[in-house]
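Working notes, beginning with the structure itself.
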Amino acid sequence: MADVTIHPRSSRLSGFYQKNVPERVALLTKWAALTADETAVLEMGLSVAQADKMIENVVGRYSLPLGIGVNFLINDRDYLIPMVVEEPSVVAAVSYAAKLAREGGGFRTGSTEPVMIAQIQLLDVPDPAAAATAILAEKRVLLTLANTSPTIAQMGGGPVDIQVRQLPQTPTGPMTIVHLLFDVRDAMGANAVNTAAETIAPVLERLSGGRALLRILSNLTDQRRAWAEVTIPAQSFTNGAESGATVIENIAHANSFAVADPYRAATHNKGILNGIDAVALATGNDWRAIEAGAHAYAARDGQYRALTVWAVRREGREGVGVWGRAGVIHAPLHLYTPTPPLPSLYGRLELPLAVGIVGGATRTHPVAQVALKILGVRSARELSEVMAAVGLAQNLAALRALATHGIQRGHMALHARQVATAAGAQGIEVDLIAAQLVREGQVRVERAKELLIKEIKC
Ligand code: NAD
């Protein structure tokens with residue numbers, strides 16, 4: 001992002017996890033300058049009355065934990081990341097990876113303009129080629145007509161292009177598809193672009209001689225992408241007897257597996273979305289839309305693949321690496337200096353991210369409002385870039401664990417508390433039973449119940 005100011009606060013909050021909830025809330029309140037009302041919202045959450053205004057047939061509320069991902073340095077600015085997630089170890093893992101990323105100077109991010117795509121499906125078009133010509137000839141008129149949101153126009157957004165695609169073979173016959181590209185500024189934009197699509201559909205019918213059926217956004221928002229990159233020195237990955245250089249090579253191998261194999265890629269990308277969805281939920285964004293876009297984008301060349309690149313860069317002082325999708329370094333030999341190469345791990349994540357800081361639940365959910373204040377993002381683009389950095393960090397944490405001691409050690413230690421709770425432990429018992437389960441290497445509800453009975457008898 002061009003407009004980056006150095007933030008005076010550091011998100012490097014060592015020992016945050018060891019504090020109790022009131023202590024964490026106090027720290028966060030100070031860090032984000034929350035008001036007393038905003039701090040109260042963190043505990044109260046959504047009221048039933050508010051919930052009743054959000055969806056239909058409301059009978060109650062369903063709460064999930066809100067945690068804070070710490071240590072994030074993105075474009076030289078510190079961020080605390082509100083995350084709503086039910087899975088243990090996600091927040092701990094992302095915070096650890098963000099700490100590693102700091103050792104390489106943090107994340108660098110970027111994004112496209114927030115351009116959404118609305119699709120208008122035209123059926124029974126007598127001459128598809130002539131229809132395309134007629135529609136494109138009236139582009140200016142169509143764009144003027146599609147300018148249906150005065151607020152978005154005032155913000156500098158609005159319709160930006162019209163494209164025509166032909167689908168000559170579908171199960172029910174040929175169809176012509178019109179794409180309306182629409183810059184939605186700080187909104188997720190579904191409602192805005194759907195309105196515009198419905199507005200221009202009758203004109204498209206006249207121009208094409210066909211019949212407009214569907215008029216709705218595409219969740220494959222490939223015109224609206226965000227990306228994050230990180231480069232971390234190998235020594236940050238030293239793991240007991242295992243050298244950092246070995247660990248980062250193994251991380252690159254782990255990524256290559258997911259680039260080449262859809263079975264692995266599904267799990268790899270799920271890990272990325274663990275973090276991204278958690279921020280989406282915390283900020284009231286539509287995580288189903290994000291999921292749909294991410295998975296469709298991951299299959300854009302016809303095979304479902306990893307959304308990330310992880311590669312070892314071995315550079316002398318003047319070495320320049322160019323990376324491929326499979327994590328292979330292609331570097332012109334003459335660019336290497338004779339000095340021994342200093343390996344580092346380079347990572348990049350790019351994906352469609354249609355998120356907003358206005359509209360939808362971002363405005364109606366009180367916790368989403370506080371979450372946005374904690375993040376301190378000033379635009380939807382900035383939010384999408386932060387989310388890309390979170391996804392990359394989440395992936396790094398998973399790959400590092402998988403490529404070293406395996407995922408279960410850290411995960412089960414944190415999962416044990418949930419198992420103890422499921423077995424009926426309360427208060428102080430939860431941590432005692434969880435610690436015993438981890439010591440025994442048996443993180444199972446049945447064992448937790450046995451321990452609990454023993455505890456009660458003693
Ligand atoms: P929205 O209509 O609630 O809010 C967007 C509106 O906010 C804009 O049209 C504009 O009038 C106003 N606005 C104020 N300040 C703005 C600014 N700085 N930049 C841009 N707009 C500004 O919401 P939306 O973003 O159009 O739609 C999001 C909602 O649509 C989500 O709840 C989503 O779940 C839902 N939705 C999703 C899909 C899908 O993904 N397939 C389909 C339909 C609806």
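Here's how to read the names in the structure tokens: chain A, B, ... by the order shown, residue numbers from 1 in each chain, ligand numbers from 1 in the order shown.
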* Given 10 Å and only C-alpha atoms and all ligand atoms, residues near ligand 1 as a PyMOL selection string -> chain A and resi 54+114+148-158+183-195+216-221+284-293+354-364+378-380
* Identify, on the basis of only C-alpha atoms, every residue whose closest approach to Leu307 (chain A) does not exceed 9 Å; exclude the query and any residue fewer than 3 positions from it along the same chain; express the result as a list of chain:residue names. =>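 Once the nearby chain positions are removed, what remains is A:Ala258, A:Val259, A:Ala265, A:His268, A:Asn269, A:Ile272, A:Ala294, A:His295, A:Tyr297, A:Ala298, A:Arg348, A:Leu349, A:Glu350, A:Leu351.
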* To do: Tell me which protein, DNA and RNA residues are within 10 Å of Leu122 (chain A), counting only C-alpha atoms, leaving out same-chain ones fewer than 4 positions away, and put them as an MDAnalysis selection string.
  => chainID A and resid 128 131 166 174:178 201 204:205 208:215
Would you mind exporting C-alpha atoms of the selected residues as a PDB file, in the first residue's frame?
```pdb
ATOM      1  CA  PRO A 128     -24.260 -14.023 -30.254  1.00  0.00           C
ATOM      2  CA  ALA A 131     -25.069  -9.174 -29.747  1.00  0.00           C
ATOM      3  CA  GLN A 166     -19.881 -16.612 -24.957  1.00  0.00           C
ATOM      4  CA  PRO A 174     -25.588 -21.670 -25.821  1.00  0.00           C
ATOM      5  CA  MET A 175     -25.703 -18.459 -23.795  1.00  0.00           C
ATOM      6  CA  THR A 176     -24.134 -15.023 -23.805  1.00  0.00           C
ATOM      7  CA  ILE A 177     -22.765 -13.732 -20.492  1.00  0.00           C
ATOM      8  CA  VAL A 178     -22.200 -10.053 -19.799  1.00  0.00           C
ATOM      9  CA  ALA A 201     -30.482  -6.224 -17.805  1.00  0.00           C
ATOM     10  CA  LEU A 204     -28.984  -5.848 -22.590  1.00  0.00           C
ATOM     11  CA  GLU A 205     -32.097  -7.760 -23.641  1.00  0.00           C
ATOM     12  CA  SER A 208     -28.944  -8.706 -27.795  1.00  0.00           C
ATOM     13  CA  GLY A 209     -32.463  -9.695 -28.788  1.00  0.00           C
ATOM     14  CA  GLY A 210     -32.252 -12.299 -26.014  1.00  0.00           C
ATOM     15  CA  ARG A 211     -33.769 -12.877 -22.593  1.00  0.00           C
ATOM     16  CA  ALA A 212     -31.962 -11.970 -19.363  1.00  0.00           C
ATOM     17  CA  LEU A 213     -32.192 -14.654 -16.687  1.00  0.00           C
ATOM     18  CA  LEU A 214     -29.650 -14.490 -13.840  1.00  0.00           C
ATOM     19  CA  ARG A 215     -28.366 -11.091 -12.714  1.00  0.00           C
TER      20      ARG A 215
END
```
* Asked: Taking only C-alpha atoms into account, which of A:Leu73, A:Val90, A:Ala389, A:Ala36 comes nearest Val370 (chain A)?
  -> A:Ala36
* To do: Write out as an NGL selection string the residues lying within 12 Å of Arg409 (chain A), counting only C-alpha atoms and excluding same-chain residues fewer than 5 positions away.
  => :A and (89 or 398 or 401-402 or 404 or 414-416 or 438-439 or 441-443)
Include C-alpha atoms and write out the residues we just selected as an mmCIF file, in the first residue's frame.
```cif
data_model
loop_
_atom_site.group_PDB
_atom_site.id
_atom_site.type_symbol
_atom_site.label_atom_id
_atom_site.label_comp_id
_atom_site.auth_asym_id
_atom_site.auth_seq_id
_atom_site.Cartn_x
_atom_site.Cartn_y
_atom_site.Cartn_z
ATOM 1 C CA SER A 89 -4.340 -23.518 18.112
ATOM 2 C CA ALA A 398 1.067 -25.151 9.621
ATOM 3 C CA ALA A 401 4.889 -27.767 12.131
ATOM 4 C CA LEU A 402 4.135 -30.343 9.429
ATOM 5 C CA THR A 404 9.249 -30.631 11.486
ATOM 6 C CA LEU A 414 -4.138 -26.717 23.043
ATOM 7 C CA HIS A 415 -6.927 -29.104 22.091
ATOM 8 C CA ALA A 416 -6.581 -30.787 25.507
ATOM 9 C CA VAL A 438 -0.743 -33.918 27.485
ATOM 10 C CA ARG A 439 1.765 -35.474 29.927
ATOM 11 C CA GLY A 441 0.035 -38.297 25.535
ATOM 12 C CA GLN A 442 -3.632 -39.337 25.649
ATOM 13 C CA VAL A 443 -5.790 -36.378 24.688
#
```
* **Residue nearest Gly347 (chain A) - candidates A:Thr231, A:Thr29, A:Ser243, A:Thr112, atoms counted: only C-alpha atoms** => A:Thr231
